[in-house]
Structures are given as structure tokens and as C-alpha cells.
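Everything below belongs to protein-v4.pdb, which stores PDB, C-alpha atoms and all ligand atoms.
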```pdb
ATOM      1  CA  MET A 201      27.119  52.397  24.199
ATOM      2  CA  ASP A 202      28.245  54.250  21.094
ATOM      3  CA  ARG A 203      31.858  54.339  19.997
ATOM      4  CA  LYS A 204      32.536  57.819  21.312
ATOM      5  CA  SER A 205      31.273  57.193  24.798
ATOM      6  CA  PHE A 206      33.095  53.883  24.901
ATOM      7  CA  LEU A 207      36.352  55.627  24.065
ATOM      8  CA  LYS A 208      35.681  58.277  26.685
ATOM      9  CA  LYS A 209      34.871  55.708  29.308
ATOM     10  CA  ALA A 210      37.928  53.695  28.454
ATOM     11  CA  GLY A 211      40.100  56.774  28.696
ATOM     12  CA  PHE A 212      41.579  56.231  25.265
ATOM     13  CA  LEU A 213      40.264  59.318  23.574
ATOM     14  CA  ALA A 214      43.684  60.810  22.922
ATOM     15  CA  ILE A 215      45.078  57.565  21.604
ATOM     16  CA  GLY A 216      42.289  56.559  19.259
ATOM     17  CA  PHE A 217      41.253  53.140  18.185
ATOM     18  CA  SER A 218      41.257  51.489  14.860
ATOM     19  CA  ALA A 219      40.500  48.155  13.391
ATOM     20  CA  PHE A 220      43.391  46.294  11.798
ATOM     21  CA  GLY A 221      44.620  48.108   8.757
ATOM     22  CA  LYS A 222      42.625  51.252   9.394
ATOM     23  CA  VAL A 223      43.668  54.586  10.740
ATOM     24  CA  VAL A 224      41.892  57.132  12.855
ATOM     25  CA  ARG A 225      42.554  60.790  13.279
ATOM     26  CA  ALA A 226      44.074  61.729  16.604
ATOM     27  CA  ALA A 227      41.485  63.456  18.741
ATOM     28  CA  ASP A 228      43.758  66.321  19.696
ATOM     29  CA  ASP A 229      45.132  66.904  16.179
ATOM     30  CA  PRO A 230      42.752  66.158  13.325
ATOM     31  CA  THR A 231      45.548  66.384  10.766
ATOM     32  CA  ALA A 232      47.618  63.658  12.423
ATOM     33  CA  PHE A 233      47.042  59.985  11.900
ATOM     34  CA  GLU A 234      47.491  57.407  14.548
ATOM     35  CA  GLY A 235      47.150  53.756  13.758
ATOM     36  CA  ASP A 236      47.667  50.380  15.263
ATOM     37  CA  CYS A 237      48.309  48.684  11.985
ATOM     38  CA  GLU A 238      52.046  48.041  12.260
ATOM     39  CA  THR A 239      52.812  44.373  11.832
ATOM     40  CA  THR A 240      54.440  42.868  14.879
ATOM     41  CA  ASN A 241      57.708  40.988  14.947
ATOM     42  CA  ASP A 242      58.258  37.354  15.717
ATOM     43  CA  ILE A 243      61.418  35.339  16.174
ATOM     44  CA  LEU A 244      63.723  34.739  13.204
ATOM     45  CA  GLY A 245      64.264  31.108  14.208
ATOM     46  CA  PRO A 246      67.329  29.087  13.273
ATOM     47  CA  PHE A 247      66.489  28.281   9.655
ATOM     48  CA  TYR A 248      66.716  31.517   7.685
ATOM     49  CA  ARG A 249      68.949  31.401   4.595
ATOM     50  CA  GLU A 250      70.156  34.416   2.648
ATOM     51  CA  ASP A 251      69.655  34.719  -1.097
ATOM     52  CA  ALA A 252      66.564  32.620  -1.639
ATOM     53  CA  PRO A 253      65.488  32.715  -5.294
ATOM     54  CA  ILE A 254      63.053  35.355  -6.458
ATOM     55  CA  ARG A 255      60.052  33.319  -7.548
ATOM     56  CA  TYR A 256      56.308  33.102  -7.237
ATOM     57  CA  ASP A 257      55.962  29.330  -7.147
ATOM     58  CA  LEU A 258      57.697  27.435  -4.353
ATOM     59  CA  THR A 259      56.098  24.123  -5.222
ATOM     60  CA  THR A 260      57.333  21.254  -7.331
ATOM     61  CA  GLN A 261      55.389  18.277  -8.618
ATOM     62  CA  THR A 262      56.815  16.025  -5.958
ATOM     63  CA  ASP A 263      55.920  18.232  -2.998
ATOM     64  CA  ARG A 264      53.181  16.787  -0.855
ATOM     65  CA  GLY A 265      50.657  19.051   0.833
ATOM     66  CA  SER A 266      47.775  21.402   0.054
ATOM     67  CA  ARG A 267      48.621  24.183  -2.351
ATOM     68  CA  VAL A 268      47.812  27.673  -1.157
ATOM     69  CA  ILE A 269      48.203  31.159  -2.594
ATOM     70  CA  LEU A 270      49.732  33.419   0.040
ATOM     71  CA  GLN A 271      49.268  37.036  -0.913
ATOM     72  CA  GLY A 272      48.952  40.539   0.398
ATOM     73  CA  GLN A 273      50.159  44.096   0.191
ATOM     74  CA  VAL A 274      52.945  45.940   1.954
ATOM     75  CA  PHE A 275      52.005  49.342   3.360
ATOM     76  CA  GLY A 276      53.729  52.115   5.241
ATOM     77  CA  ASP A 277      52.843  53.112   8.758
ATOM     78  CA  ASP A 278      50.119  55.497   7.664
ATOM     79  CA  CYS A 279      48.417  52.140   7.090
ATOM     80  CA  GLU A 280      47.403  52.961   3.533
ATOM     81  CA  THR A 281      50.341  53.901   1.298
ATOM     82  CA  PRO A 282      51.584  50.881  -0.664
ATOM     83  CA  ILE A 283      55.330  50.280  -0.636
ATOM     84  CA  LYS A 284      56.728  49.218  -3.981
ATOM     85  CA  ASN A 285      59.993  47.336  -4.377
ATOM     86  CA  ALA A 286      59.829  45.875  -0.897
ATOM     87  CA  LEU A 287      61.622  42.543  -0.678
ATOM     88  CA  VAL A 288      59.308  39.973   0.876
ATOM     89  CA  GLU A 289      61.048  36.723   1.770
ATOM     90  CA  ILE A 290      59.304  33.636   3.091
ATOM     91  CA  TRP A 291      60.569  30.311   4.338
ATOM     92  CA  GLN A 292      58.805  27.334   5.809
ATOM     93  CA  CYS A 293      59.054  23.621   6.407
ATOM     94  CA  ASP A 294      57.560  21.114   3.993
ATOM     95  CA  ALA A 295      54.579  18.884   4.688
ATOM     96  CA  ASP A 296      56.814  16.598   6.752
ATOM     97  CA  GLY A 297      58.023  19.407   8.983
ATOM     98  CA  GLU A 298      61.472  19.552   7.368
ATOM     99  CA  TYR A 299      63.384  22.684   6.385
ATOM    100  CA  ASP A 300      65.786  22.649   3.472
ATOM    101  CA  ASN A 301      68.844  24.161   5.103
ATOM    102  CA  THR A 302      71.484  23.129   2.607
ATOM    103  CA  SER A 303      70.331  22.336  -0.915
ATOM    104  CA  PRO A 304      70.845  24.693  -3.842
ATOM    105  CA  ALA A 305      67.150  24.237  -4.667
ATOM    106  CA  PHE A 306      66.180  26.367  -1.622
ATOM    107  CA  ARG A 307      63.054  24.262  -1.223
ATOM    108  CA  MET A 308      60.153  26.096   0.443
ATOM    109  CA  ARG A 309      62.009  29.385   0.296
ATOM    110  CA  ALA A 310      61.498  32.388  -1.952
ATOM    111  CA  GLY A 311      61.614  36.125  -2.237
ATOM    112  CA  TRP A 312      59.461  38.585  -4.177
ATOM    113  CA  LYS A 313      59.633  42.319  -4.880
ATOM    114  CA  THR A 314      56.360  44.149  -4.445
ATOM    115  CA  ASP A 315      54.819  45.932  -7.430
ATOM    116  CA  ASN A 316      53.532  49.516  -7.608
ATOM    117  CA  GLU A 317      50.534  48.574  -5.476
ATOM    118  CA  GLY A 318      52.757  46.964  -2.862
ATOM    119  CA  GLU A 319      51.416  43.560  -3.817
ATOM    120  CA  TYR A 320      53.188  40.256  -3.450
ATOM    121  CA  ALA A 321      52.066  36.672  -3.928
ATOM    122  CA  PHE A 322      53.484  33.192  -3.545
ATOM    123  CA  LYS A 323      52.193  29.771  -4.433
ATOM    124  CA  THR A 324      53.274  27.385  -1.732
ATOM    125  CA  ILE A 325      51.928  24.543   0.413
ATOM    126  CA  LEU A 326      50.424  24.619   3.852
ATOM    127  CA  PRO A 327      53.436  23.863   6.037
ATOM    128  CA  GLY A 328      53.662  20.810   8.249
ATOM    129  CA  LYS A 329      54.583  20.874  11.904
ATOM    130  CA  TYR A 330      57.793  20.180  13.705
ATOM    131  CA  LYS A 331      58.715  19.629  17.298
ATOM    132  CA  ASN A 332      60.276  22.321  19.417
ATOM    133  CA  GLY A 333      61.428  20.327  22.430
ATOM    134  CA  ARG A 334      58.445  18.425  23.776
ATOM    135  CA  LEU A 335      55.775  20.380  21.909
ATOM    136  CA  TYR A 336      54.889  20.884  18.285
ATOM    137  CA  ARG A 337      55.145  24.380  16.931
ATOM    138  CA  PRO A 338      51.916  25.335  15.171
ATOM    139  CA  ALA A 339      52.118  25.445  11.369
ATOM    140  CA  HIS A 340      53.737  28.729  10.388
ATOM    141  CA  ILE A 341      55.452  30.611   7.584
ATOM    142  CA  HIS A 342      58.374  32.899   8.309
ATOM    143  CA  PHE A 343      58.638  36.367   6.797
ATOM    144  CA  ARG A 344      61.463  38.848   6.416
ATOM    145  CA  VAL A 345      60.490  42.132   4.751
ATOM    146  CA  ARG A 346      62.806  44.944   3.790
ATOM    147  CA  ALA A 347      62.085  48.262   2.097
ATOM    148  CA  ASP A 348      63.903  51.563   1.704
ATOM    149  CA  ASN A 349      63.327  54.034   4.530
ATOM    150  CA  HIS A 350      61.546  51.441   6.638
ATOM    151  CA  GLN A 351      62.463  49.225   9.525
ATOM    152  CA  GLU A 352      63.057  45.608   8.668
ATOM    153  CA  LEU A 353      60.324  43.238   9.719
ATOM    154  CA  VAL A 354      60.969  39.663  10.806
ATOM    155  CA  SER A 355      57.778  37.830  11.563
ATOM    156  CA  GLN A 356      55.685  34.692  11.222
ATOM    157  CA  VAL A 357      52.107  33.889  10.289
ATOM    158  CA  TYR A 358      49.958  31.155  11.811
ATOM    159  CA  PHE A 359      46.608  29.655  10.845
ATOM    160  CA  GLU A 360      43.242  29.850  12.532
ATOM    161  CA  GLY A 361      42.111  26.704  14.270
ATOM    162  CA  ASP A 362      45.584  25.253  14.733
ATOM    163  CA  PRO A 363      45.422  23.240  17.969
ATOM    164  CA  HIS A 364      49.078  23.920  18.766
ATOM    165  CA  ILE A 365      48.771  27.697  18.971
ATOM    166  CA  ASN A 366      47.786  27.839  22.632
ATOM    167  CA  ASP A 367      50.885  25.997  23.819
ATOM    168  CA  ASP A 368      53.325  27.897  21.637
ATOM    169  CA  PRO A 369      54.843  30.906  23.420
ATOM    170  CA  TRP A 370      55.202  32.930  20.209
ATOM    171  CA  ALA A 371      51.923  32.139  18.471
ATOM    172  CA  SER A 372      49.906  32.557  21.665
ATOM    173  CA  HIS A 373      51.502  35.894  22.534
ATOM    174  CA  PRO A 374      48.941  38.714  22.278
ATOM    175  CA  SER A 375      51.148  40.500  19.758
ATOM    176  CA  ALA A 376      50.649  37.602  17.326
ATOM    177  CA  SER A 377      46.856  37.766  17.310
ATOM    178  CA  LYS A 378      46.640  39.652  14.000
ATOM    179  CA  ARG A 379      49.005  37.147  12.413
ATOM    180  CA  ILE A 380      46.755  34.119  12.996
ATOM    181  CA  LEU A 381      45.124  33.995   9.598
ATOM    182  CA  PRO A 382      42.116  32.272   8.081
ATOM    183  CA  ILE A 383      42.684  29.807   5.256
ATOM    184  CA  VAL A 384      40.045  30.737   2.717
ATOM    185  CA  LEU A 385      38.430  28.180   0.427
ATOM    186  CA  GLU A 386      38.036  30.238  -2.745
ATOM    187  CA  ASP A 387      35.948  27.927  -4.914
ATOM    188  CA  THR A 388      34.578  24.458  -5.358
ATOM    189  CA  LYS A 389      37.852  23.288  -6.891
ATOM    190  CA  GLY A 390      39.524  23.484  -3.501
ATOM    191  CA  ASN A 391      41.736  26.487  -4.222
ATOM    192  CA  LEU A 392      42.981  27.969  -0.972
ATOM    193  CA  THR A 393      44.237  31.456  -0.234
ATOM    194  CA  VAL A 394      45.721  33.188   2.770
ATOM    195  CA  ARG A 395      45.953  36.957   2.898
ATOM    196  CA  PHE A 396      48.621  38.718   4.923
ATOM    197  CA  ASP A 397      48.887  42.479   4.573
ATOM    198  CA  ILE A 398      52.075  43.867   6.044
ATOM    199  CA  TYR A 399      52.526  47.293   7.638
ATOM    200  CA  LEU A 400      56.105  48.492   8.031
ATOM    201  CA  LYS A 401      57.325  51.122  10.415
ATOM    202  CA  SER A 402      59.254  54.035   8.985
ATOM    203  CA  ASN A 403      62.843  54.502   9.996
ATOM    204  CA  PRO A 404      63.072  56.689  13.078
TER     205      PRO A 404
HETATM  206 FE    FE A 501      59.939  27.734  11.728
END
```
Transcribe the structure of this file into C-alpha cells.
Amino acid sequence: MDRKSFLKKAGFLAIGFSAFGKVVRAADDPTAFEGDCETTNDILGPFYREDAPIRYDLTTQTDRGSRVILQGQVFGDDCETPIKNALVEIWQCDADGEYDNTSPAFRMRAGWKTDNEGEYAFKTILPGKYKNGRLYRPAHIHFRVRADNHQELVSQVYFEGDPHINDDPWASHPSASKRILPIVLEDTKGNLTVRFDIYLKSNP
């Protein structure tokens, strides 16, 4: 079945379909874009701290854990216009599953302002896991993203293959599916990257 007849059969012709990060033209108005790229929210959790330092590198020599470059671009809800000067904040636990909730070092916490291409990047470690009641939460990194004229995003990313995703009510929610990310082995030196592009909704 080709794409058009599938859409017709599914009754979604007026809505349109797109892959993540792509837009399609609305069938009834070829000048209008409709997309499904907006990044979904997740819970803030109890461990957010204001005023994390603006820095690329969250790691120190004494931190255990695999280093990873976490990077991406921030876009508007046309799914393609980069947003510069967006404040991307991340926070996570360390390899032992511990958050730094008090120290002035703001361990495993940082913010970054996107450049003209909407790009951000952090060097961090793959987070450990911690218990939420009886169960472990899957490894995750928290995000808070703010930009002028856009709705604030609070979210989390998870990692493909994590055995704790299925039992976690937030990670296993269908709205989180595009936030379960592959960890990419970039080269033979063991350098790892994770890419998370972020799509903000405009203010209403
Ligand atoms: Fe958390």
C-alpha cells in the first residue's frame, strides 16, 4: 500500500503524518504546516535546582562512569527553524545514582545557551540508576528548556535497551517513545554520543 492510500484508509488525510522532526503540508491547506515534532513533557522530579552553572563539561576527574557527549538542536514548532539563545538545563544523578542537591559545585548539573543554529552540547557521564519505591527508575537525564516566545519544556531522556523502562510509568508512557535515545559509539576509541533534538511549542 502506498503512503497516500494508507493515509486515506486510516482516515488521517486531513491531519497528515510525519516522521520525527519532519513536517508535512496539511492536505486541505498546502501553505500550512502541520507537524508532530513537538517534544513531549515529562515530570520535573524533586531534584531540580535553579542557577546551575553555564558550562559544557559536567565531568571532573574523580567522576566514575562512561563519558558521553549529549548534543542536539532546539527548534520551533515548524520543526525546522533553529532557536538561538534558548537556555537548555540538564541535571542527572551520578554513576552511583546520587543527585547533588546541596553542594556549591552543582555536580551533574549545567545550563547552556544555544548558538545561532540552535545547537547545544554537554559532556557528561551516563547516569546511574536510583530506586523509586520498590523499582529502579531507568537511567535518565532531566531537561528544562526555556526560550523567548515559546512554552517552557520540562522533560527527560532515556536510553535504548534499558531494562527498567518497561516498569517505569513515565519512560514507558507512549508520549516518551521519541525520548528513548540510542547511545552511539562514534569511533574505536569508545567515544559515545547521544543526540536529542528539541522542538518547542510557541506561546499561544
Ligand atoms: Fe531523576
| Quick one: of A:Ile365, A:Leu258, A:Cys293, A:Ile269, who's nearest to ligand FE 501 (chain A), counting only C-alpha atoms and all ligand atoms? | A:Cys293
| With distances taken over only C-alpha atoms and all ligand atoms, which of A:Leu381, A:Val354, A:Ala339, A:Leu270 is nearest to ligand FE 501 (chain A)? | A:Ala339
| request: Kindly resolve the PyMOL selection byres (((chain A and resi 273) around 8) and not hetatm) on the present coordinates and return the residues as number ranges by chain. | output: A: 271-272, 274-275, 282, 314, 317-320, 396-398
| Once the PyMOL selection byres (((chain A and resi 249) around 9) and not hetatm) has been applied to the shown file, what residues remain in the selection, as a PyMOL selection string? | chain A and resi 247-248+250-252+291+301-302+306+309
| field | 7 Å shell around ligand FE 501 (chain A) using all atoms listed in the file, listed as a PyMOL selection string | value | chain A and resi 245+247+292-293+340-342
| request: Between CA of Ala295 in chain A and CA of Thr393 in chain A, measure the distance and give it in Å to one decimal. | output: 17.0 Å
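For the pair CA of Thr281 in chain A and CA of Asn316 in chain A, the separation is 10.4 Å.
Evaluated against the shown file, the PyMOL selection byres (((chain A and resi 360) around 8) and not hetatm) gives A:Tyr358, A:Phe359, A:Gly361, A:Asp362, A:Ile380, A:Leu381, A:Pro382, A:Ile383.
Distances to Ala371 in chain A were evaluated for A:Thr239, A:Ser303, A:Thr388, A:Gln356 using only C-alpha atoms, and the minimum falls at A:Gln356.
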| Using all atoms listed in the file, which of the listed residues (A:Leu385, A:Val394, A:Leu335, A:Val345) sits closest to Asp368 in chain A? | A:Leu335
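Rounded to one decimal, CA of Asn403 in chain A and CA of His350 in chain A lie 4.7 Å from each other.
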| query | What residues have an atom no more than 9 Å from (50.9, 38.3, 17.5) in the file's own frame, counting all atoms listed in the file, and can you write them as a PyMOL selection string? | reply | chain A and resi 239-242+356-357+370-380
If we count all atoms listed in the file and set the cut-off at 10 Å, which residues sit around Ser266 in chain A, ignoring sequence neighbours fewer than 5 positions away in its own chain? Please answer as a PDB file with C-alpha atoms, keeping the file's coordinate frame.
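Written output follows (result-v6.pdb):
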```
ATOM      1  CA  ALA A 295      54.579  18.884   4.688  1.00  0.00           C
ATOM      2  CA  THR A 324      53.274  27.385  -1.732  1.00  0.00           C
ATOM      3  CA  ILE A 325      51.928  24.543   0.413  1.00  0.00           C
ATOM      4  CA  LEU A 326      50.424  24.619   3.852  1.00  0.00           C
ATOM      5  CA  PRO A 327      53.436  23.863   6.037  1.00  0.00           C
ATOM      6  CA  GLY A 390      39.524  23.484  -3.501  1.00  0.00           C
ATOM      7  CA  ASN A 391      41.736  26.487  -4.222  1.00  0.00           C
ATOM      8  CA  LEU A 392      42.981  27.969  -0.972  1.00  0.00           C
TER       9      LEU A 392
END
```
Put the listed atoms of range 263-266 of chain A in a box along x, y and z with 4 Å added on every side and give me the centre and edge lengths in Å to one decimal, as lines of an AutoDock Vina configuration file.
```
center_x = 51.8
center_y = 19.1
center_z = -1.1
size_x = 16.1
size_y = 12.6
size_z = 11.8
```
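Using all atoms listed in the file, the shortest contact distance between Tyr336 in chain A and any of A:Ala305, A:Glu352, A:Lys313, A:Pro369 is found at A:Pro369.
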| query | What's the 7 Å shell around Arg344 in chain A, counting all atoms listed in the file, without same-chain residues fewer than 5 positions away, as a PyMOL selection string? | reply | chain A and resi 288-290+353-355
| said: Please return as a PyMOL selection string every residue within 9 Å of (58.2, 56.2, 7.1), taking into account only C-alpha atoms and the file's own coordinates. | reply: chain A and resi 276-278+349-351+400-404
| remark: Counting all atoms listed in the file, the residue among A:Arg346, A:Pro338, A:Asn332, A:Pro246 that lies closest to Asp300 in chain A is A:Pro246
